[in-house]
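Engineer: Sharing my_file.cif below, mmCIF, C-alpha atoms and all ligand atoms:
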data_structure
loop_
_atom_site.group_PDB
_atom_site.id
_atom_site.type_symbol
_atom_site.label_atom_id
_atom_site.label_comp_id
_atom_site.auth_asym_id
_atom_site.auth_seq_id
_atom_site.Cartn_x
_atom_site.Cartn_y
_atom_site.Cartn_z
ATOM 1 C CA MET A 1 118.912 61.776 136.562
ATOM 2 C CA ARG A 2 118.713 58.349 135.165
ATOM 3 C CA GLN A 3 120.337 55.671 137.165
ATOM 4 C CA GLY A 4 120.313 52.294 135.554
ATOM 5 C CA ARG A 5 121.393 48.883 136.538
ATOM 6 C CA GLY A 6 123.154 48.112 133.331
ATOM 7 C CA SER A 7 126.574 49.498 132.669
ATOM 8 C CA ARG A 8 125.481 49.602 129.064
ATOM 9 C CA LEU A 9 122.317 51.463 129.896
ATOM 10 C CA LEU A 10 122.988 54.415 127.651
ATOM 11 C CA THR A 11 123.390 52.201 124.634
ATOM 12 C CA ARG A 12 120.637 49.823 125.544
ATOM 13 C CA ARG A 13 117.966 51.071 123.198
ATOM 14 C CA ALA A 14 120.297 51.361 120.266
ATOM 15 C CA PHE A 15 121.710 47.949 120.985
ATOM 16 C CA LEU A 16 118.281 46.406 121.155
ATOM 17 C CA GLY A 17 117.204 48.031 117.945
ATOM 18 C CA ALA A 18 120.251 46.704 116.166
ATOM 19 C CA THR A 19 119.783 43.231 117.545
ATOM 20 C CA LEU A 20 116.124 43.031 116.735
ATOM 21 C CA GLY A 21 116.567 44.599 113.341
ATOM 22 C CA ALA A 22 119.385 42.331 112.321
ATOM 23 C CA ALA A 23 118.156 39.044 113.608
ATOM 24 C CA GLY A 24 114.438 39.561 113.900
ATOM 25 C CA VAL A 25 114.658 38.008 117.285
ATOM 26 C CA GLY A 26 111.281 37.185 118.692
ATOM 27 C CA LEU A 27 111.805 35.067 121.726
ATOM 28 C CA VAL A 28 108.871 33.065 122.901
ATOM 29 C CA ALA A 29 108.881 31.020 126.028
ATOM 30 C CA VAL A 30 108.005 27.421 125.406
ATOM 31 C CA VAL A 31 106.541 25.603 128.331
ATOM 32 C CA SER A 32 107.935 22.158 128.743
ATOM 33 C CA PRO A 33 105.386 19.370 128.784
ATOM 34 C CA LEU A 34 107.634 17.754 131.364
ATOM 35 C CA VAL A 35 106.131 18.169 134.758
ATOM 36 C CA ARG A 36 107.221 15.161 136.693
ATOM 37 C CA GLY A 37 109.910 13.086 135.172
ATOM 38 C CA ALA A 38 113.412 11.866 135.187
ATOM 39 C CA VAL A 39 116.121 14.481 135.155
ATOM 40 C CA ASP A 40 119.083 13.552 133.043
ATOM 41 C CA PRO A 41 121.807 12.958 135.623
ATOM 42 C CA GLY A 42 124.427 13.479 132.968
ATOM 43 C CA ASN A 43 123.369 17.091 132.677
ATOM 44 C CA LEU A 44 123.076 17.816 136.314
ATOM 45 C CA GLY A 45 125.689 15.802 138.075
ATOM 46 C CA GLY A 46 123.163 14.963 140.724
ATOM 47 C CA GLY A 47 123.848 11.264 140.714
ATOM 48 C CA GLY A 48 120.488 9.810 139.863
ATOM 49 C CA THR A 49 117.056 10.933 138.927
ATOM 50 C CA ALA A 50 114.904 13.469 140.592
ATOM 51 C CA ASN A 51 111.212 14.073 140.563
ATOM 52 C CA VAL A 52 110.369 17.675 140.002
ATOM 53 C CA PRO A 53 107.030 19.001 141.170
ATOM 54 C CA VAL A 54 104.601 20.655 138.793
ATOM 55 C CA PHE A 55 105.024 24.422 138.552
ATOM 56 C CA ASP A 56 101.544 25.913 138.169
ATOM 57 C CA ALA A 57 102.034 28.722 135.647
ATOM 58 C CA GLN A 58 98.623 30.276 136.147
ATOM 59 C CA ARG A 59 98.854 30.249 139.920
ATOM 60 C CA SER A 60 102.244 31.945 139.692
ATOM 61 C CA TYR A 61 100.797 34.558 137.337
ATOM 62 C CA ASN A 62 97.975 35.099 139.825
ATOM 63 C CA TYR A 63 100.609 35.922 142.457
ATOM 64 C CA LEU A 64 101.911 38.541 140.027
ATOM 65 C CA LEU A 65 98.408 39.948 139.531
ATOM 66 C CA ASP A 66 97.800 40.057 143.287
ATOM 67 C CA GLN A 67 100.835 42.294 143.714
ATOM 68 C CA VAL A 68 100.063 44.555 140.771
ATOM 69 C CA ARG A 69 96.487 45.052 141.961
ATOM 70 C CA LEU A 70 97.857 46.700 145.105
ATOM 71 C CA GLY A 71 99.232 49.472 142.889
ATOM 72 C CA PRO A 72 102.831 50.703 142.810
ATOM 73 C CA ARG A 73 104.654 49.251 145.829
ATOM 74 C CA GLU A 74 107.263 51.901 146.409
ATOM 75 C CA PRO A 75 108.528 52.291 149.983
ATOM 76 C CA GLY A 76 106.721 54.799 152.150
ATOM 77 C CA THR A 77 103.229 54.037 150.834
ATOM 78 C CA PRO A 78 100.259 52.024 152.154
ATOM 79 C CA ALA A 79 100.479 49.719 149.104
ATOM 80 C CA HIS A 80 104.040 48.886 150.093
ATOM 81 C CA VAL A 81 102.937 47.851 153.577
ATOM 82 C CA ALA A 82 99.998 45.887 152.147
ATOM 83 C CA CYS A 83 102.307 44.013 149.809
ATOM 84 C CA ARG A 84 104.729 43.260 152.631
ATOM 85 C CA ASP A 85 101.896 41.664 154.607
ATOM 86 C CA TYR A 86 100.624 39.788 151.560
ATOM 87 C CA LEU A 87 104.045 38.253 150.940
ATOM 88 C CA ARG A 88 104.558 37.314 154.559
ATOM 89 C CA GLU A 89 101.141 35.643 154.670
ATOM 90 C CA ARG A 90 101.665 33.688 151.428
ATOM 91 C CA LEU A 91 105.047 32.379 152.575
ATOM 92 C CA HIS A 92 103.780 31.478 156.033
ATOM 93 C CA GLU A 93 100.842 29.640 154.483
ATOM 94 C CA SER A 94 103.200 27.667 152.247
ATOM 95 C CA ILE A 95 106.053 26.684 154.507
ATOM 96 C CA GLY A 96 104.979 27.673 158.007
ATOM 97 C CA ASP A 97 107.685 30.272 158.370
ATOM 98 C CA ALA A 98 107.990 33.934 157.480
ATOM 99 C CA SER A 99 109.516 36.940 159.152
ATOM 100 C CA LEU A 100 110.336 40.550 158.464
ATOM 101 C CA GLN A 101 113.822 41.994 158.546
ATOM 102 C CA PRO A 102 113.270 45.725 159.092
ATOM 103 C CA PHE A 103 115.688 48.488 158.192
ATOM 104 C CA GLU A 104 115.418 52.177 157.487
ATOM 105 C CA LEU A 105 116.512 54.626 154.861
ATOM 106 C CA PRO A 106 117.266 58.005 156.467
ATOM 107 C CA MET A 107 115.966 60.851 154.311
ATOM 108 C CA GLU A 108 115.900 64.594 154.789
ATOM 109 C CA GLY A 109 113.886 65.045 157.970
ATOM 110 C CA ARG A 110 112.342 61.568 157.989
ATOM 111 C CA VAL A 111 113.071 57.900 157.611
ATOM 112 C CA ILE A 112 111.602 55.493 155.061
ATOM 113 C CA PRO A 113 110.855 52.110 156.653
ATOM 114 C CA MET A 114 111.696 49.033 154.607
ATOM 115 C CA TRP A 115 111.480 45.321 155.193
ATOM 116 C CA ASN A 116 113.080 42.265 153.675
ATOM 117 C CA VAL A 117 110.657 39.350 153.827
ATOM 118 C CA LEU A 118 112.400 36.137 154.886
ATOM 119 C CA ALA A 119 111.198 32.560 155.004
ATOM 120 C CA SER A 120 113.069 29.352 155.551
ATOM 121 C CA TYR A 121 112.197 25.785 154.644
ATOM 122 C CA HIS A 122 114.151 23.119 156.550
ATOM 123 C CA SER A 123 116.464 25.656 158.125
ATOM 124 C CA ALA A 124 118.241 22.891 160.069
ATOM 125 C CA ASN A 125 119.519 21.255 156.879
ATOM 126 C CA PRO A 126 123.269 21.963 156.743
ATOM 127 C CA ARG A 127 122.922 22.384 152.992
ATOM 128 C CA GLN A 128 121.087 25.592 152.131
ATOM 129 C CA VAL A 129 120.070 27.198 148.856
ATOM 130 C CA LEU A 130 119.109 30.870 148.574
ATOM 131 C CA LEU A 131 116.247 31.969 146.332
ATOM 132 C CA CYS A 132 115.697 35.719 146.173
ATOM 133 C CA ALA A 133 113.985 38.549 144.317
ATOM 134 C CA HIS A 134 113.139 42.174 145.034
ATOM 135 C CA TRP A 135 109.546 43.041 145.827
ATOM 136 C CA ASP A 136 109.591 46.851 145.879
ATOM 137 C CA THR A 137 108.844 48.914 142.792
ATOM 138 C CA ARG A 138 110.523 51.977 141.328
ATOM 139 C CA PRO A 139 109.021 55.308 142.521
ATOM 140 C CA THR A 140 109.786 56.887 139.152
ATOM 141 C CA ALA A 141 109.320 55.901 135.515
ATOM 142 C CA ASP A 142 112.802 56.993 134.461
ATOM 143 C CA GLU A 143 112.571 55.688 130.914
ATOM 144 C CA GLU A 144 109.441 57.667 129.999
ATOM 145 C CA GLU A 145 109.866 60.529 127.548
ATOM 146 C CA ASP A 146 107.452 62.990 129.158
ATOM 147 C CA PRO A 147 108.879 64.508 132.390
ATOM 148 C CA ALA A 148 105.393 64.444 133.931
ATOM 149 C CA ASN A 149 105.353 60.688 133.447
ATOM 150 C CA VAL A 150 108.907 60.218 134.687
ATOM 151 C CA ALA A 151 107.729 61.484 138.075
ATOM 152 C CA ARG A 152 105.080 58.752 138.346
ATOM 153 C CA PRO A 153 105.626 55.360 140.029
ATOM 154 C CA ILE A 154 105.665 52.209 137.922
ATOM 155 C CA GLN A 155 103.375 49.190 138.279
ATOM 156 C CA GLY A 156 106.356 46.880 138.312
ATOM 157 C CA ALA A 157 104.580 43.817 136.936
ATOM 158 C CA ASN A 158 107.868 42.523 135.580
ATOM 159 C CA ASP A 159 110.300 44.694 137.565
ATOM 160 C CA GLY A 160 109.278 43.603 141.020
ATOM 161 C CA ALA A 161 106.289 41.273 140.911
ATOM 162 C CA SER A 162 107.558 38.616 138.486
ATOM 163 C CA GLY A 163 110.485 37.187 140.429
ATOM 164 C CA VAL A 164 108.409 37.172 143.595
ATOM 165 C CA ALA A 165 105.561 35.395 141.775
ATOM 166 C CA VAL A 166 107.901 32.579 140.730
ATOM 167 C CA LEU A 167 109.272 32.208 144.251
ATOM 168 C CA LEU A 168 105.823 32.177 145.866
ATOM 169 C CA GLU A 169 104.800 29.341 143.553
ATOM 170 C CA ILE A 170 107.956 27.379 144.348
ATOM 171 C CA ALA A 171 107.421 27.911 148.085
ATOM 172 C CA GLY A 172 103.963 26.424 147.760
ATOM 173 C CA LEU A 173 105.376 23.170 146.366
ATOM 174 C CA LEU A 174 108.009 22.362 148.971
ATOM 175 C CA ARG A 175 105.909 20.743 151.682
ATOM 176 C CA ALA A 176 104.415 18.173 149.327
ATOM 177 C CA TYR A 177 107.754 17.556 147.583
ATOM 178 C CA PRO A 178 110.603 18.075 150.036
ATOM 179 C CA PRO A 179 113.790 18.970 148.155
ATOM 180 C CA PRO A 180 117.191 17.555 149.148
ATOM 181 C CA VAL A 181 118.332 20.934 150.480
ATOM 182 C CA GLY A 182 117.019 23.592 152.812
ATOM 183 C CA VAL A 183 115.652 26.649 151.007
ATOM 184 C CA ARG A 184 115.933 30.242 152.176
ATOM 185 C CA PHE A 185 113.616 32.720 150.538
ATOM 186 C CA VAL A 186 114.629 36.363 150.741
ATOM 187 C CA LEU A 187 112.427 39.014 149.183
ATOM 188 C CA PHE A 188 114.460 42.204 149.114
ATOM 189 C CA ASP A 189 113.047 45.643 149.721
ATOM 190 C CA GLY A 190 114.583 48.873 148.456
ATOM 191 C CA GLU A 191 116.203 47.464 145.333
ATOM 192 C CA ASP A 192 114.776 50.104 143.059
ATOM 193 C CA TYR A 193 114.271 53.118 145.333
ATOM 194 C CA GLY A 194 116.878 55.447 143.911
ATOM 195 C CA PRO A 195 117.150 57.649 142.103
ATOM 196 C CA GLY A 196 120.855 56.870 142.420
ATOM 197 C CA SER A 197 122.711 53.692 143.259
ATOM 198 C CA ASP A 198 123.410 54.978 146.787
ATOM 199 C CA ARG A 199 119.708 54.401 147.420
ATOM 200 C CA MET A 200 119.376 51.119 145.563
ATOM 201 C CA TYR A 201 119.976 47.443 146.469
ATOM 202 C CA LEU A 202 119.254 48.530 150.051
ATOM 203 C CA GLY A 203 117.660 45.302 151.237
ATOM 204 C CA ALA A 204 120.382 43.177 149.697
ATOM 205 C CA LYS A 205 123.082 45.317 151.292
ATOM 206 C CA PHE A 206 121.377 45.031 154.674
ATOM 207 C CA TYR A 207 120.864 41.285 154.313
ATOM 208 C CA ALA A 208 124.492 40.755 153.279
ATOM 209 C CA ARG A 209 125.574 42.425 156.537
ATOM 210 C CA ASN A 210 123.101 40.421 158.627
ATOM 211 C CA LYS A 211 122.833 37.061 156.902
ATOM 212 C CA PRO A 212 122.264 33.863 158.860
ATOM 213 C CA ALA A 213 124.794 31.056 159.024
ATOM 214 C CA PRO A 214 125.659 28.846 157.314
ATOM 215 C CA ASP A 215 126.049 30.518 153.955
ATOM 216 C CA PRO A 216 124.038 28.887 151.189
ATOM 217 C CA GLU A 217 125.896 26.605 148.815
ATOM 218 C CA TRP A 218 124.426 28.510 145.909
ATOM 219 C CA GLY A 219 121.707 31.001 145.183
ATOM 220 C CA VAL A 220 119.628 32.559 142.443
ATOM 221 C CA LEU A 221 118.279 36.080 142.170
ATOM 222 C CA LEU A 222 115.232 36.416 139.919
ATOM 223 C CA ASP A 223 114.556 39.853 138.441
ATOM 224 C CA MET A 224 112.396 40.708 135.435
ATOM 225 C CA VAL A 225 111.570 37.104 134.559
ATOM 226 C CA GLY A 226 107.977 37.621 133.410
ATOM 227 C CA ASP A 227 108.396 39.257 129.983
ATOM 228 C CA ARG A 228 106.020 37.525 127.590
ATOM 229 C CA ASP A 229 108.900 37.556 125.087
ATOM 230 C CA LEU A 230 111.351 36.046 127.512
ATOM 231 C CA GLY A 231 115.058 35.734 126.758
ATOM 232 C CA ILE A 232 117.685 35.261 129.453
ATOM 233 C CA TRP A 233 121.431 35.469 128.957
ATOM 234 C CA ARG A 234 124.206 34.768 131.421
ATOM 235 C CA GLU A 235 124.909 37.994 133.294
ATOM 236 C CA ARG A 236 128.533 39.082 133.378
ATOM 237 C CA ASN A 237 129.009 39.805 137.103
ATOM 238 C CA SER A 238 127.372 36.462 137.916
ATOM 239 C CA GLU A 239 129.568 34.696 135.424
ATOM 240 C CA GLN A 240 132.677 36.206 137.007
ATOM 241 C CA GLY A 241 131.574 35.775 140.617
ATOM 242 C CA ALA A 242 129.847 32.394 140.557
ATOM 243 C CA PRO A 243 130.313 30.666 137.187
ATOM 244 C CA GLN A 244 129.552 27.263 138.708
ATOM 245 C CA VAL A 245 126.099 28.486 139.710
ATOM 246 C CA ASN A 246 125.424 29.793 136.227
ATOM 247 C CA ASP A 247 126.489 26.390 134.890
ATOM 248 C CA ARG A 248 124.044 24.736 137.261
ATOM 249 C CA ILE A 249 121.165 26.969 136.192
ATOM 250 C CA TRP A 250 121.823 26.677 132.475
ATOM 251 C CA SER A 251 122.092 22.889 132.792
ATOM 252 C CA ALA A 252 118.798 22.844 134.634
ATOM 253 C CA ALA A 253 117.228 25.017 131.942
ATOM 254 C CA ARG A 254 118.251 22.520 129.284
ATOM 255 C CA ALA A 255 116.955 19.633 131.397
ATOM 256 C CA ALA A 256 113.666 21.452 131.872
ATOM 257 C CA GLY A 257 113.332 22.000 128.123
ATOM 258 C CA HIS A 258 113.985 25.740 128.237
ATOM 259 C CA GLY A 259 117.270 25.922 126.405
ATOM 260 C CA ASP A 260 115.559 28.209 123.897
ATOM 261 C CA VAL A 261 114.841 30.780 126.618
ATOM 262 C CA PHE A 262 118.121 30.492 128.523
ATOM 263 C CA HIS A 263 120.740 31.536 125.977
ATOM 264 C CA ASP A 264 124.088 30.091 126.867
ATOM 265 C CA SER A 265 126.298 33.121 126.477
ATOM 266 C CA VAL A 266 126.997 36.357 128.338
ATOM 267 C CA ARG A 267 125.115 39.503 127.385
ATOM 268 C CA TRP A 268 124.452 42.259 129.927
ATOM 269 C CA SER A 269 126.547 43.380 132.836
ATOM 270 C CA ILE A 270 124.016 44.238 135.522
ATOM 271 C CA THR A 271 124.294 45.805 138.939
ATOM 272 C CA ASP A 272 121.538 44.200 140.983
ATOM 273 C CA ASP A 273 120.890 42.652 144.396
ATOM 274 C CA HIS A 274 123.376 39.856 143.745
ATOM 275 C CA ILE A 275 126.340 42.261 143.911
ATOM 276 C CA PRO A 276 126.317 42.831 147.704
ATOM 277 C CA LEU A 277 125.877 39.086 148.188
ATOM 278 C CA LEU A 278 128.743 38.176 145.876
ATOM 279 C CA ALA A 279 130.885 40.722 147.708
ATOM 280 C CA ALA A 280 129.994 38.962 150.978
ATOM 281 C CA GLY A 281 131.111 35.642 149.551
ATOM 282 C CA VAL A 282 127.703 34.187 148.740
ATOM 283 C CA PRO A 283 127.638 32.556 145.285
ATOM 284 C CA VAL A 284 124.468 34.037 143.800
ATOM 285 C CA VAL A 285 123.687 34.638 140.144
ATOM 286 C CA ASP A 286 121.258 37.091 138.592
ATOM 287 C CA VAL A 287 118.681 35.503 136.299
ATOM 288 C CA ILE A 288 117.320 38.526 134.461
ATOM 289 C CA ASP A 289 115.807 39.442 131.118
ATOM 290 C CA PHE A 290 117.167 42.922 130.608
ATOM 291 C CA ASP A 291 115.800 43.186 127.069
ATOM 292 C CA TYR A 292 112.418 44.246 128.388
ATOM 293 C CA PRO A 293 111.061 47.132 126.324
ATOM 294 C CA TYR A 294 108.902 48.460 129.183
ATOM 295 C CA TRP A 295 111.667 48.639 131.809
ATOM 296 C CA HIS A 296 111.125 51.627 134.143
ATOM 297 C CA THR A 297 108.135 52.838 132.160
ATOM 298 C CA LEU A 298 104.457 53.137 132.994
ATOM 299 C CA GLU A 299 103.920 50.275 130.554
ATOM 300 C CA ASP A 300 105.482 47.696 132.862
ATOM 301 C CA THR A 301 102.061 46.142 133.358
ATOM 302 C CA ALA A 302 100.712 42.623 133.798
ATOM 303 C CA ASP A 303 99.711 42.226 130.145
ATOM 304 C CA LYS A 304 103.400 42.464 129.173
ATOM 305 C CA CYS A 305 104.074 39.346 131.233
ATOM 306 C CA SER A 306 102.902 35.787 130.746
ATOM 307 C CA PRO A 307 102.322 32.659 132.831
ATOM 308 C CA GLN A 308 104.466 30.701 130.365
ATOM 309 C CA SER A 309 107.490 32.908 130.982
ATOM 310 C CA LEU A 310 107.149 32.590 134.747
ATOM 311 C CA ALA A 311 106.932 28.820 134.281
ATOM 312 C CA ALA A 312 110.072 28.645 132.128
ATOM 313 C CA VAL A 313 112.038 30.237 134.948
ATOM 314 C CA GLY A 314 110.209 28.431 137.729
ATOM 315 C CA GLU A 315 110.693 25.010 136.149
ATOM 316 C CA THR A 316 114.360 25.768 135.633
ATOM 317 C CA VAL A 317 114.871 26.720 139.274
ATOM 318 C CA LEU A 318 112.943 23.634 140.388
ATOM 319 C CA HIS A 319 115.147 21.390 138.254
ATOM 320 C CA ALA A 320 118.238 22.945 139.787
ATOM 321 C CA LEU A 321 116.801 22.533 143.275
ATOM 322 C CA TYR A 322 115.558 18.965 143.022
ATOM 323 C CA ALA A 323 118.528 17.655 141.104
ATOM 324 C CA ASP A 324 120.893 19.050 143.716
ATOM 325 C CA GLY A 325 122.441 15.890 145.049
ATOM 326 C CA GLY A 326 125.497 17.788 146.164
ATOM 327 C CA GLY A 327 128.824 18.553 144.609
ATOM 328 C CA GLY A 328 129.448 20.936 141.730
HETATM 329 ZN ZN ZN A 401 114.002 48.381 138.229
#
Produce structure tokens that represent the structure in this file.
Ligand SMILES: [Zn+2]

Structural biologist:
Amino acid sequence: MRQGRGSRLLTRRAFLGATLGAAGVGLVAVVSPLVRGAVDPGNLGGGGTANVPVFDAQRSYNYLLDQVRLGPREPGTPAHVACRDYLRERLHESIGDASLQPFELPMEGRVIPMWNVLASYHSANPRQVLLCAHWDTRPTADEEEDPANVARPIQGANDGASGVAVLLEIAGLLRAYPPPVGVRFVLFDGEDYGPGSDRMYLGAKFYARNKPAPDPEWGVLLDMVGDRDLGIWRERNSEQGAPQVNDRIWSAARAAGHGDVFHDSVRWSITDDHIPLLAAGVPVVDVIDFDYPYWHTLEDTADKCSPQSLAAVGETVLHALYADGGGG
């Protein structure tokens, strides 16, 4: 059974073919030369200028490679545990805080252990922002044609490692450039376990039931943000649940010089880790490139991702973070 995250999953390939055929869309991430500079306060409502630290695209990509080198990171495997420890160590190195939030998936005759990886920077700040991504990878390659291949686990370079790679790079910048808000990092486990939706978004569901107070003012979920041909549209559930956060992110994208990557209209409707959080009242949006040709295939490998794409997303999130003077 194929269980997708997009309500339009069944038409996805046809839709993509039509779009690409008609428009010849070839989206290429352009890295802004801006690294430290004035943010246009008119775009961001932050009331002034903000210095934004340099997002190191190659270092972020190296974080992606580190994860992929461990092999598929599906729950219940040694690679999964190794990745968990790697993430905890990187976050602790960066911001001096990291912890595991364990939970279990009961299966027939056994339990699968899973862990959200949490880290908090300036947790005492009354103003908190949530940055999250899933770190587990899909145990099956559902979109492969050959049934023998469908049964194999994916590498998850984009679907798993990419969002985490962006967040690890951002975490590494905070100590030298303290942002105006506290930042909570949550790396979700069990997003892609499946096969069905009753066994997906598990870490996000658990976190939503056990989240710390106070709730963040806003949050961003990064998923599949490494595609070398990156194109991100506003996601429909995010737009309905937290339109003000989408506005903030798309403004930041323009300020960061990535308006060509962040298309300012709604495209996919995606069920992802933001749904349990939105249901719990946390305003989180899904930043996702769902037009990834290698989604849930054995071809979701590091060469399909690029440092420039990670940087386009990372610089956008940094602009949103550092321009956050409150309000809106
Ligand atoms: Zn997936």

Engineer: Could you tell me how far CA of Leu221 in chain A lies from CA of Thr316 in chain A, in Å and to one decimal?

Structural biologist: 12.8 Å

Engineer: Quick one, how far is CA of Phe55 in chain A from CA of Arg127 in chain A?

Structural biologist: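 Computing the Euclidean distance for CA of Phe55 in chain A and CA of Arg127 in chain A yields 23.1 Å.
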
Engineer: Report as a list of chain:residue names which protein, DNA and RNA residues come within 10 Å of ligand ZN 401 (chain A), using only C-alpha atoms and all ligand atoms.

Structural biologist: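 Every residue with an atom at most 10 Å from ligand ZN 401 (chain A) is listed here: A:Gln3, A:Gly4, A:Arg5, A:His134, A:Asp136, A:Thr137, A:Arg138, A:Pro139, A:Thr140, A:Ala141, A:Asp142, A:Ile154, A:Gly156, A:Asn158, A:Asp159, A:Gly160, A:Glu191, A:Asp192, A:Tyr193, A:Gly194, A:Met200, A:Asp223, A:Met224, A:Asp272, A:Phe290, A:Trp295, A:His296, A:Thr297.
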
Engineer: Restricted to C-alpha atoms, what would the selected residues look like written as a compact mmCIF listing (two decimals), keeping the file's coordinate frame?

Structural biologist:
# COMPACT_ATOMS: atom_id res chain seq x y z
CA GLN A 3 120.34 55.67 137.16
CA GLY A 4 120.31 52.29 135.55
CA ARG A 5 121.39 48.88 136.54
CA HIS A 134 113.14 42.17 145.03
CA ASP A 136 109.59 46.85 145.88
CA THR A 137 108.84 48.91 142.79
CA ARG A 138 110.52 51.98 141.33
CA PRO A 139 109.02 55.31 142.52
CA THR A 140 109.79 56.89 139.15
CA ALA A 141 109.32 55.90 135.51
CA ASP A 142 112.80 56.99 134.46
CA ILE A 154 105.66 52.21 137.92
CA GLY A 156 106.36 46.88 138.31
CA ASN A 158 107.87 42.52 135.58
CA ASP A 159 110.30 44.69 137.56
CA GLY A 160 109.28 43.60 141.02
CA GLU A 191 116.20 47.46 145.33
CA ASP A 192 114.78 50.10 143.06
CA TYR A 193 114.27 53.12 145.33
CA GLY A 194 116.88 55.45 143.91
CA MET A 200 119.38 51.12 145.56
CA ASP A 223 114.56 39.85 138.44
CA MET A 224 112.40 40.71 135.44
CA ASP A 272 121.54 44.20 140.98
CA PHE A 290 117.17 42.92 130.61
CA TRP A 295 111.67 48.64 131.81
CA HIS A 296 111.12 51.63 134.14
CA THR A 297 108.14 52.84 132.16

Engineer: Could you check which of A:Asp198, A:Glu108, A:Glu74, A:Glu315 is closest to Trp250 in chain A, using all atoms listed in the file?

Structural biologist: A:Glu315

Engineer: For Gln101 in chain A, which residue among A:Pro212, A:Pro307, A:Gly231, A:Pro72 is the nearest when counting only C-alpha atoms?

Structural biologist: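 Checking each candidate against Gln101 in chain A, we get A:Pro212 as the closest.
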
Engineer: Determine the nearest neighbour of Pro216 in chain A from the options A:Trp135, A:Tyr201, A:Tyr63, A:Phe185, counting all atoms listed in the file.

Structural biologist: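 Result for the nearest residue to Pro216 in chain A: A:Phe185.
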
Engineer: With all atoms listed in the file as the counted atoms, please give the residues lying no more than 9 Å from Glu104 in chain A, apart from itself and same-chain residues fewer than 5 positions off, as a PDB file with C-alpha atoms, in the frame of the given file.

Structural biologist:
ATOM      1  CA  VAL A 111     113.071  57.900 157.611  1.00  0.00           C
ATOM      2  CA  ILE A 112     111.602  55.493 155.061  1.00  0.00           C
ATOM      3  CA  PRO A 113     110.855  52.110 156.653  1.00  0.00           C
ATOM      4  CA  MET A 114     111.696  49.033 154.607  1.00  0.00           C
ATOM      5  CA  TRP A 115     111.480  45.321 155.193  1.00  0.00           C
TER       6      TRP A 115
END

Engineer: My list of candidates is A:Val183, A:Val266, A:Val68, A:Ala176. Which is closest to Asp247 in chain A when distances are computed with only C-alpha atoms?

Structural biologist: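 Residue with the minimum atom-to-atom distance to Asp247 in chain A: A:Val266.
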
Engineer: Here's the selection I'm unsure about, the PyMOL selection byres (((chain A and resi 280) around 12) and not hetatm); applied to the file above, which residues does it give, as number ranges by chain?

Structural biologist: A: 204-211, 215-216, 241, 273-279, 281-284

Engineer: Could you list as a VMD selection string every residue that has an atom within 12 Å of (108.2, 21.4, 149.0), using the file's coordinates and counting all atoms listed in the file?

Structural biologist: chain A and resid 51 to 55 91 94 to 96 120 to 122 167 to 183 318 321 to 322

Engineer: Could range 238-249 of chain A be written out with N, CA and C atoms, as a compact mmCIF listing (two decimals), in the first residue's frame, please?

Structural biologist:
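File decode-v3.txt, as written:
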# COMPACT_ATOMS: atom_id res chain seq x y z
N SER A 238 -0.70 24.77 6.14
CA SER A 238 0.03 25.84 6.84
C SER A 238 -0.64 27.18 6.61
N GLU A 239 -1.04 27.38 5.37
CA GLU A 239 -1.66 28.64 5.00
C GLU A 239 -2.99 28.84 5.73
N GLN A 240 -3.70 27.73 5.95
CA GLN A 240 -4.97 27.83 6.67
C GLN A 240 -4.76 27.93 8.18
N GLY A 241 -3.74 27.22 8.70
CA GLY A 241 -3.55 27.16 10.13
C GLY A 241 -2.70 28.28 10.71
N ALA A 242 -1.76 28.78 9.93
CA ALA A 242 -0.85 29.82 10.45
C ALA A 242 -0.39 30.74 9.31
N PRO A 243 -1.34 31.43 8.68
CA PRO A 243 -0.98 32.26 7.52
C PRO A 243 0.04 33.35 7.87
N GLN A 244 -0.01 33.84 9.12
CA GLN A 244 0.91 34.90 9.50
C GLN A 244 2.35 34.39 9.53
N VAL A 245 2.51 33.10 9.81
CA VAL A 245 3.87 32.53 9.83
C VAL A 245 4.36 32.35 8.39
N ASN A 246 3.48 31.90 7.52
CA ASN A 246 3.86 31.83 6.11
C ASN A 246 4.26 33.22 5.60
N ASP A 247 3.49 34.23 5.96
CA ASP A 247 3.83 35.60 5.54
C ASP A 247 5.24 35.96 6.01
N ARG A 248 5.52 35.61 7.26
CA ARG A 248 6.82 35.93 7.83
C ARG A 248 7.95 35.24 7.05
N ILE A 249 7.74 33.97 6.73
CA ILE A 249 8.78 33.22 6.03
C ILE A 249 8.96 33.72 4.60
